[in-house]
$ cat start09.cif   # mmCIF, C-alpha atoms
data_protein
#
loop_
_atom_site.group_PDB
_atom_site.id
_atom_site.type_symbol
_atom_site.label_atom_id
_atom_site.label_comp_id
_atom_site.auth_asym_id
_atom_site.auth_seq_id
_atom_site.Cartn_x
_atom_site.Cartn_y
_atom_site.Cartn_z
ATOM 1 C CA MET A 1 0.000 0.000 0.000
ATOM 2 C CA ASP A 2 1.425 3.394 -0.894
ATOM 3 C CA ILE A 3 1.226 6.618 1.142
ATOM 4 C CA GLY A 4 -1.797 7.915 -0.785
ATOM 5 C CA GLN A 5 -3.727 4.700 -0.180
ATOM 6 C CA ILE A 6 -2.887 4.749 3.526
ATOM 7 C CA ALA A 7 -4.009 8.378 3.834
ATOM 8 C CA ALA A 8 -7.255 7.660 1.934
ATOM 9 C CA ALA A 9 -7.999 4.585 4.075
ATOM 10 C CA VAL A 10 -7.394 6.573 7.259
ATOM 11 C CA VAL A 11 -9.711 9.372 6.131
ATOM 12 C CA THR A 12 -12.423 6.881 5.141
ATOM 13 C CA THR A 13 -12.244 5.408 8.640
ATOM 14 C CA LEU A 14 -12.202 8.800 10.362
ATOM 15 C CA ALA A 15 -14.819 10.673 8.308
ATOM 16 C CA PRO A 16 -18.030 9.435 9.976
ATOM 17 C CA PHE A 17 -16.573 10.211 13.388
ATOM 18 C CA ALA A 18 -14.710 13.432 12.487
ATOM 19 C CA PRO A 19 -17.047 15.788 14.390
ATOM 20 C CA PHE A 20 -16.527 13.799 17.591
ATOM 21 C CA LEU A 21 -12.788 13.361 17.131
ATOM 22 C CA ALA A 22 -12.173 17.031 16.377
ATOM 23 C CA ASP A 23 -14.201 18.085 19.434
ATOM 24 C CA ALA A 24 -13.099 15.269 21.719
ATOM 25 C CA GLY A 25 -13.409 17.444 24.795
ATOM 26 C CA LYS A 26 -17.062 18.292 24.173
ATOM 27 C CA SER A 27 -19.931 16.036 25.087
ATOM 28 C CA ALA A 28 -21.779 14.604 22.131
ATOM 29 C CA GLY A 29 -23.195 11.448 23.680
ATOM 30 C CA LYS A 30 -26.533 10.953 21.893
ATOM 31 C CA LYS A 31 -25.306 12.089 18.476
ATOM 32 C CA LEU A 32 -22.200 9.907 18.779
ATOM 33 C CA ALA A 33 -24.354 6.917 19.701
ATOM 34 C CA GLU A 34 -26.521 7.567 16.637
ATOM 35 C CA THR A 35 -23.440 7.816 14.408
ATOM 36 C CA ILE A 36 -21.997 4.591 15.799
ATOM 37 C CA ALA A 37 -25.322 2.869 15.134
ATOM 38 C CA ALA A 38 -25.552 4.235 11.584
ATOM 39 C CA LYS A 39 -21.913 4.076 10.462
ATOM 40 C CA GLY A 40 -20.439 1.154 12.257
ATOM 41 C CA SER A 41 -19.806 -0.561 15.494
ATOM 42 C CA GLU A 42 -18.020 0.333 18.679
ATOM 43 C CA ALA A 43 -14.985 -1.305 17.047
ATOM 44 C CA ALA A 44 -15.139 1.221 14.189
ATOM 45 C CA TRP A 45 -15.317 4.077 16.713
ATOM 46 C CA LYS A 46 -12.366 2.626 18.648
ATOM 47 C CA LYS A 47 -10.310 2.280 15.454
ATOM 48 C CA ALA A 48 -11.113 5.877 14.498
ATOM 49 C CA GLN A 49 -10.038 7.034 17.973
ATOM 50 C CA ASP A 50 -6.782 5.060 17.769
ATOM 51 C CA LEU A 51 -5.961 6.482 14.345
ATOM 52 C CA TRP A 52 -6.817 10.020 15.458
ATOM 53 C CA THR A 53 -4.713 9.728 18.610
ATOM 54 C CA ARG A 54 -1.747 8.486 16.601
ATOM 55 C CA ILE A 55 -2.106 11.235 13.989
ATOM 56 C CA THR A 56 -2.519 14.068 16.471
ATOM 57 C CA GLY A 57 0.238 12.717 18.673
ATOM 58 C CA ARG A 58 2.749 12.570 15.839
ATOM 59 C CA ALA A 59 1.422 15.188 13.441
ATOM 60 C CA GLY A 60 -0.099 17.467 16.068
ATOM 61 C CA ALA A 61 1.948 20.449 14.996
ATOM 62 C CA ASP A 62 0.963 20.054 11.321
ATOM 63 C CA GLU A 63 -1.438 22.941 10.704
ATOM 64 C CA ASP A 64 -2.584 21.600 7.317
ATOM 65 C CA VAL A 65 -3.718 18.327 8.872
ATOM 66 C CA LYS A 66 -5.458 20.126 11.759
ATOM 67 C CA ASP A 67 -7.163 22.669 9.508
ATOM 68 C CA THR A 68 -8.449 20.130 7.004
ATOM 69 C CA ALA A 69 -9.592 17.828 9.832
ATOM 70 C CA ARG A 70 -11.607 20.715 11.301
ATOM 71 C CA MET A 71 -13.161 21.372 7.877
ATOM 72 C CA LEU A 72 -14.083 17.698 7.517
ATOM 73 C CA ALA A 73 -15.576 17.703 11.017
ATOM 74 C CA ARG A 74 -18.046 20.384 9.922
ATOM 75 C CA ASN A 75 -19.230 18.258 6.978
ATOM 76 C CA PRO A 76 -17.956 14.644 7.183
ATOM 77 C CA ALA A 77 -19.826 13.459 4.089
ATOM 78 C CA ASP A 78 -18.225 16.066 1.792
ATOM 79 C CA GLU A 79 -15.913 14.111 -0.501
ATOM 80 C CA SER A 80 -13.872 17.190 -1.424
ATOM 81 C CA ARG A 81 -13.088 17.756 2.254
ATOM 82 C CA GLN A 82 -12.173 14.091 2.640
ATOM 83 C CA THR A 83 -9.829 14.429 -0.335
ATOM 84 C CA MET A 84 -8.254 17.563 1.133
ATOM 85 C CA LEU A 85 -7.562 15.795 4.426
ATOM 86 C CA ALA A 86 -6.161 12.766 2.605
ATOM 87 C CA LYS A 87 -3.784 15.030 0.657
ATOM 88 C CA ALA A 88 -2.656 16.903 3.784
ATOM 89 C CA LEU A 89 -2.203 13.648 5.672
ATOM 90 C CA GLY A 90 -0.401 12.081 2.705
ATOM 91 C CA ALA A 91 2.091 14.962 2.653
ATOM 92 C CA ARG A 92 2.675 14.470 6.378
ATOM 93 C CA LEU A 93 3.153 10.717 5.950
ATOM 94 C CA LYS A 94 5.767 11.259 3.227
ATOM 95 C CA GLU A 95 7.776 13.225 5.796
ATOM 96 C CA ASP A 96 7.214 10.595 8.496
ATOM 97 C CA PRO A 97 7.313 7.055 7.035
ATOM 98 C CA ALA A 98 7.245 5.578 10.552
ATOM 99 C CA LEU A 99 3.851 7.200 11.148
ATOM 100 C CA ALA A 100 2.637 5.806 7.820
ATOM 101 C CA GLU A 101 3.706 2.333 8.939
ATOM 102 C CA GLU A 102 1.959 2.753 12.315
ATOM 103 C CA LEU A 103 -1.284 3.839 10.632
ATOM 104 C CA LEU A 104 -1.082 0.954 8.172
ATOM 105 C CA THR A 105 -0.703 -1.449 11.087
ATOM 106 C CA LEU A 106 -3.713 0.104 12.858
ATOM 107 C CA LEU A 107 -5.708 -0.316 9.646
ATOM 108 C CA GLY A 108 -4.903 -4.018 9.578
ATOM 109 C CA GLY A 109 -1.677 -4.115 7.610
ATOM 110 C CA GLN A 110 -1.160 -4.864 3.957
ATOM 111 C CA GLU A 111 -4.126 -7.205 3.773
ATOM 112 C CA ALA A 112 -7.216 -5.236 2.879
ATOM 113 C CA ILE A 113 -10.648 -5.897 4.304
ATOM 114 C CA GLN A 114 -13.869 -4.956 2.535
ATOM 115 C CA GLN A 115 -17.166 -5.523 4.278
ATOM 116 C CA VAL A 116 -20.829 -5.011 3.489
ATOM 117 C CA LEU A 117 -22.978 -5.603 6.555
ATOM 118 C CA ALA A 118 -26.742 -5.432 6.868
ATOM 119 C CA ASP A 119 -28.440 -5.716 10.235
ATOM 120 C CA ARG A 120 -32.018 -5.858 11.470
ATOM 121 C CA SER A 121 -34.278 -4.861 8.560
ATOM 122 C CA SER A 122 -31.510 -3.279 6.471
ATOM 123 C CA TRP A 123 -31.445 -3.274 2.690
ATOM 124 C CA VAL A 124 -28.208 -3.222 0.691
ATOM 125 C CA GLU A 125 -28.347 -3.194 -3.084
ATOM 126 C CA ASP A 126 -25.961 -2.936 -6.043
ATOM 127 C CA VAL A 127 -22.628 -3.049 -4.228
ATOM 128 C CA THR A 128 -19.337 -3.859 -5.925
ATOM 129 C CA GLN A 129 -16.223 -4.752 -3.964
ATOM 130 C CA GLN A 130 -13.008 -4.689 -5.969
ATOM 131 C CA LEU A 131 -9.840 -5.794 -4.251
ATOM 132 C CA LYS A 132 -6.304 -5.842 -5.555
ATOM 133 C CA GLY A 133 -3.795 -8.058 -3.824
ATOM 134 C CA ALA A 134 -4.290 -9.943 -0.600
ATOM 135 C CA GLY A 135 -7.378 -9.354 1.442
ATOM 136 C CA GLN A 136 -10.801 -10.382 2.548
ATOM 137 C CA GLN A 137 -14.204 -9.471 1.153
ATOM 138 C CA THR A 138 -17.261 -10.107 3.313
ATOM 139 C CA VAL A 139 -20.988 -9.709 2.829
ATOM 140 C CA LYS A 140 -23.096 -10.456 5.882
ATOM 141 C CA ALA A 141 -26.821 -10.142 6.430
ATOM 142 C CA THR A 142 -28.587 -10.828 9.702
ATOM 143 C CA LYS A 143 -32.165 -11.073 10.869
ATOM 144 C CA ASP A 144 -34.569 -9.941 8.095
ATOM 145 C CA SER A 145 -31.923 -8.168 5.969
ATOM 146 C CA VAL A 146 -31.830 -8.397 2.179
ATOM 147 C CA ILE A 147 -28.704 -7.943 0.075
ATOM 148 C CA LYS A 148 -29.079 -7.820 -3.703
ATOM 149 C CA GLY A 149 -26.723 -7.296 -6.578
ATOM 150 C CA VAL A 150 -23.403 -7.706 -4.775
ATOM 151 C CA ARG A 151 -20.312 -8.289 -6.897
ATOM 152 C CA GLN A 152 -16.947 -9.217 -5.421
ATOM 153 C CA ILE A 153 -13.915 -8.914 -7.673
ATOM 154 C CA LYS A 154 -10.385 -9.882 -6.705
ATOM 155 C CA ASP A 155 -7.595 -8.841 -9.067
#
$ encode --input "start09.cif" --output "C-alpha cells"
Amino acid sequence: MDIGQIAAAVVTTLAPFAPFLADAGKSAGKKLAETIAAKGSEAAWKKAQDLWTRITGRAGADEDVKDTARMLARNPADESRQTMLAKALGARLKEDPALAEELLTLLGGQEAIQQVLADRSSWVEDVTQQLKGAGQQTVKATKDSVIKGVRQIKD
C-alpha cells in the first residue's frame, strides 16, 4: 500500500466520526451513539479514535492536517473535504514514514478488508467490492436483511 492509499484509508475510517474526534473534549453522547449505530460498530469508533490519537500525537503540529480535519468535522460526508484531508495527511506521511507504517498497522496491515454488513431490517443493493492483492471481502446479512446485486472482484 502506498502513502496515498494509507491516507485515503485513514480518512475513510475517520470521516463518519470526524465531528466527535475534532471536538473530543465536548460532550456529544446521543449524536455519537446515533453515528456509531448508523456508520459502524463500537470497534469502528475505537479504530477511528486510535488512528486520530496516533495522527494528532505525531502530526499534532501540522497545521494543514489540523485545519483540514476541522473542515471535515463540519461536513464529514463532503468528498472534497475528505480528499483535502487525505492530501494533507499524505504529505505528512511522506515526511514521516514511521507514522505511515503505524497507521497501516492500525488499519490491519497490507491485507485489505472490505465488508458489506446489513443488520435488522436493512437493505443493501448494487454493491461492488473490488480488491487488488491480498485481502478479505465479506458480505453479511442478519435477521430480516436483504442484500441484492453484490459483486466481489479480486484482481
$ closest_residue --input "start09.cif" --among "A:Ala18, A:Ile55, A:Val150, A:Val124" --to "Glu102 of chain A" --atoms "all atoms listed in the file"
A:Ile55
$ closest_residue --input "start09.cif" --among "A:Thr68, A:Thr83, A:Asn75, A:Thr53" --to "Ala7 of chain A" --atoms "only C-alpha atoms"
A:Thr83
$ closest_residue --input "start09.cif" --among "A:Ala43, A:Leu93, A:Leu106, A:Val11" --to "Ser80 of chain A" --atoms "all atoms listed in the file"
A:Val11
$ atom_distance --input "start09.cif" --atom1 "atom CA of Ala9 of chain A" --atom2 "atom CA of Ala141 of chain A"
24.0 Å
$ closest_residue --input "start09.cif" --among "A:Gln5, A:Thr105, A:Phe20, A:Lys154" --to "Trp45 of chain A" --atoms "all atoms listed in the file"
A:Phe20
$ closest_residue --input "start09.cif" --among "A:Ala8, A:Leu103, A:Ala91, A:Met84" --to "Trp52 of chain A" --atoms "only C-alpha atoms"
A:Leu103
$ closest_residue --input "start09.cif" --among "A:Asp96, A:Glu101, A:Asp126, A:Asp50" --to "Leu14 of chain A" --atoms "only C-alpha atoms"
A:Asp50
$ resolve_selection --input "start09.cif" --expression "the PyMOL selection byres ((chain A and resi 81) around 12)" --output "PyMOL selection string"
chain A and resi 8+11-12+15+18+65+67-80+82-88
$ write_last_selection --input "start09.cif" --atoms "C-alpha atoms" --output "mmCIF file, keeping the file's coordinate frame"
data_model
loop_
_atom_site.group_PDB
_atom_site.id
_atom_site.type_symbol
_atom_site.label_atom_id
_atom_site.label_comp_id
_atom_site.auth_asym_id
_atom_site.auth_seq_id
_atom_site.Cartn_x
_atom_site.Cartn_y
_atom_site.Cartn_z
ATOM 1 C CA ALA A 8 -7.255 7.660 1.934
ATOM 2 C CA VAL A 11 -9.711 9.372 6.131
ATOM 3 C CA THR A 12 -12.423 6.881 5.141
ATOM 4 C CA ALA A 15 -14.819 10.673 8.308
ATOM 5 C CA ALA A 18 -14.710 13.432 12.487
ATOM 6 C CA VAL A 65 -3.718 18.327 8.872
ATOM 7 C CA ASP A 67 -7.163 22.669 9.508
ATOM 8 C CA THR A 68 -8.449 20.130 7.004
ATOM 9 C CA ALA A 69 -9.592 17.828 9.832
ATOM 10 C CA ARG A 70 -11.607 20.715 11.301
ATOM 11 C CA MET A 71 -13.161 21.372 7.877
ATOM 12 C CA LEU A 72 -14.083 17.698 7.517
ATOM 13 C CA ALA A 73 -15.576 17.703 11.017
ATOM 14 C CA ARG A 74 -18.046 20.384 9.922
ATOM 15 C CA ASN A 75 -19.230 18.258 6.978
ATOM 16 C CA PRO A 76 -17.956 14.644 7.183
ATOM 17 C CA ALA A 77 -19.826 13.459 4.089
ATOM 18 C CA ASP A 78 -18.225 16.066 1.792
ATOM 19 C CA GLU A 79 -15.913 14.111 -0.501
ATOM 20 C CA SER A 80 -13.872 17.190 -1.424
ATOM 21 C CA GLN A 82 -12.173 14.091 2.640
ATOM 22 C CA THR A 83 -9.829 14.429 -0.335
ATOM 23 C CA MET A 84 -8.254 17.563 1.133
ATOM 24 C CA LEU A 85 -7.562 15.795 4.426
ATOM 25 C CA ALA A 86 -6.161 12.766 2.605
ATOM 26 C CA LYS A 87 -3.784 15.030 0.657
ATOM 27 C CA ALA A 88 -2.656 16.903 3.784
#
$ atom_distance --input "start09.cif" --atom1 "atom CA of Gly4 of chain A" --atom2 "atom CA of Ala100 of chain A"
9.9 Å
$ atom_distance --input "start09.cif" --atom1 "atom CA of Ile147 of chain A" --atom2 "atom CA of Trp123 of chain A"
6.0 Å
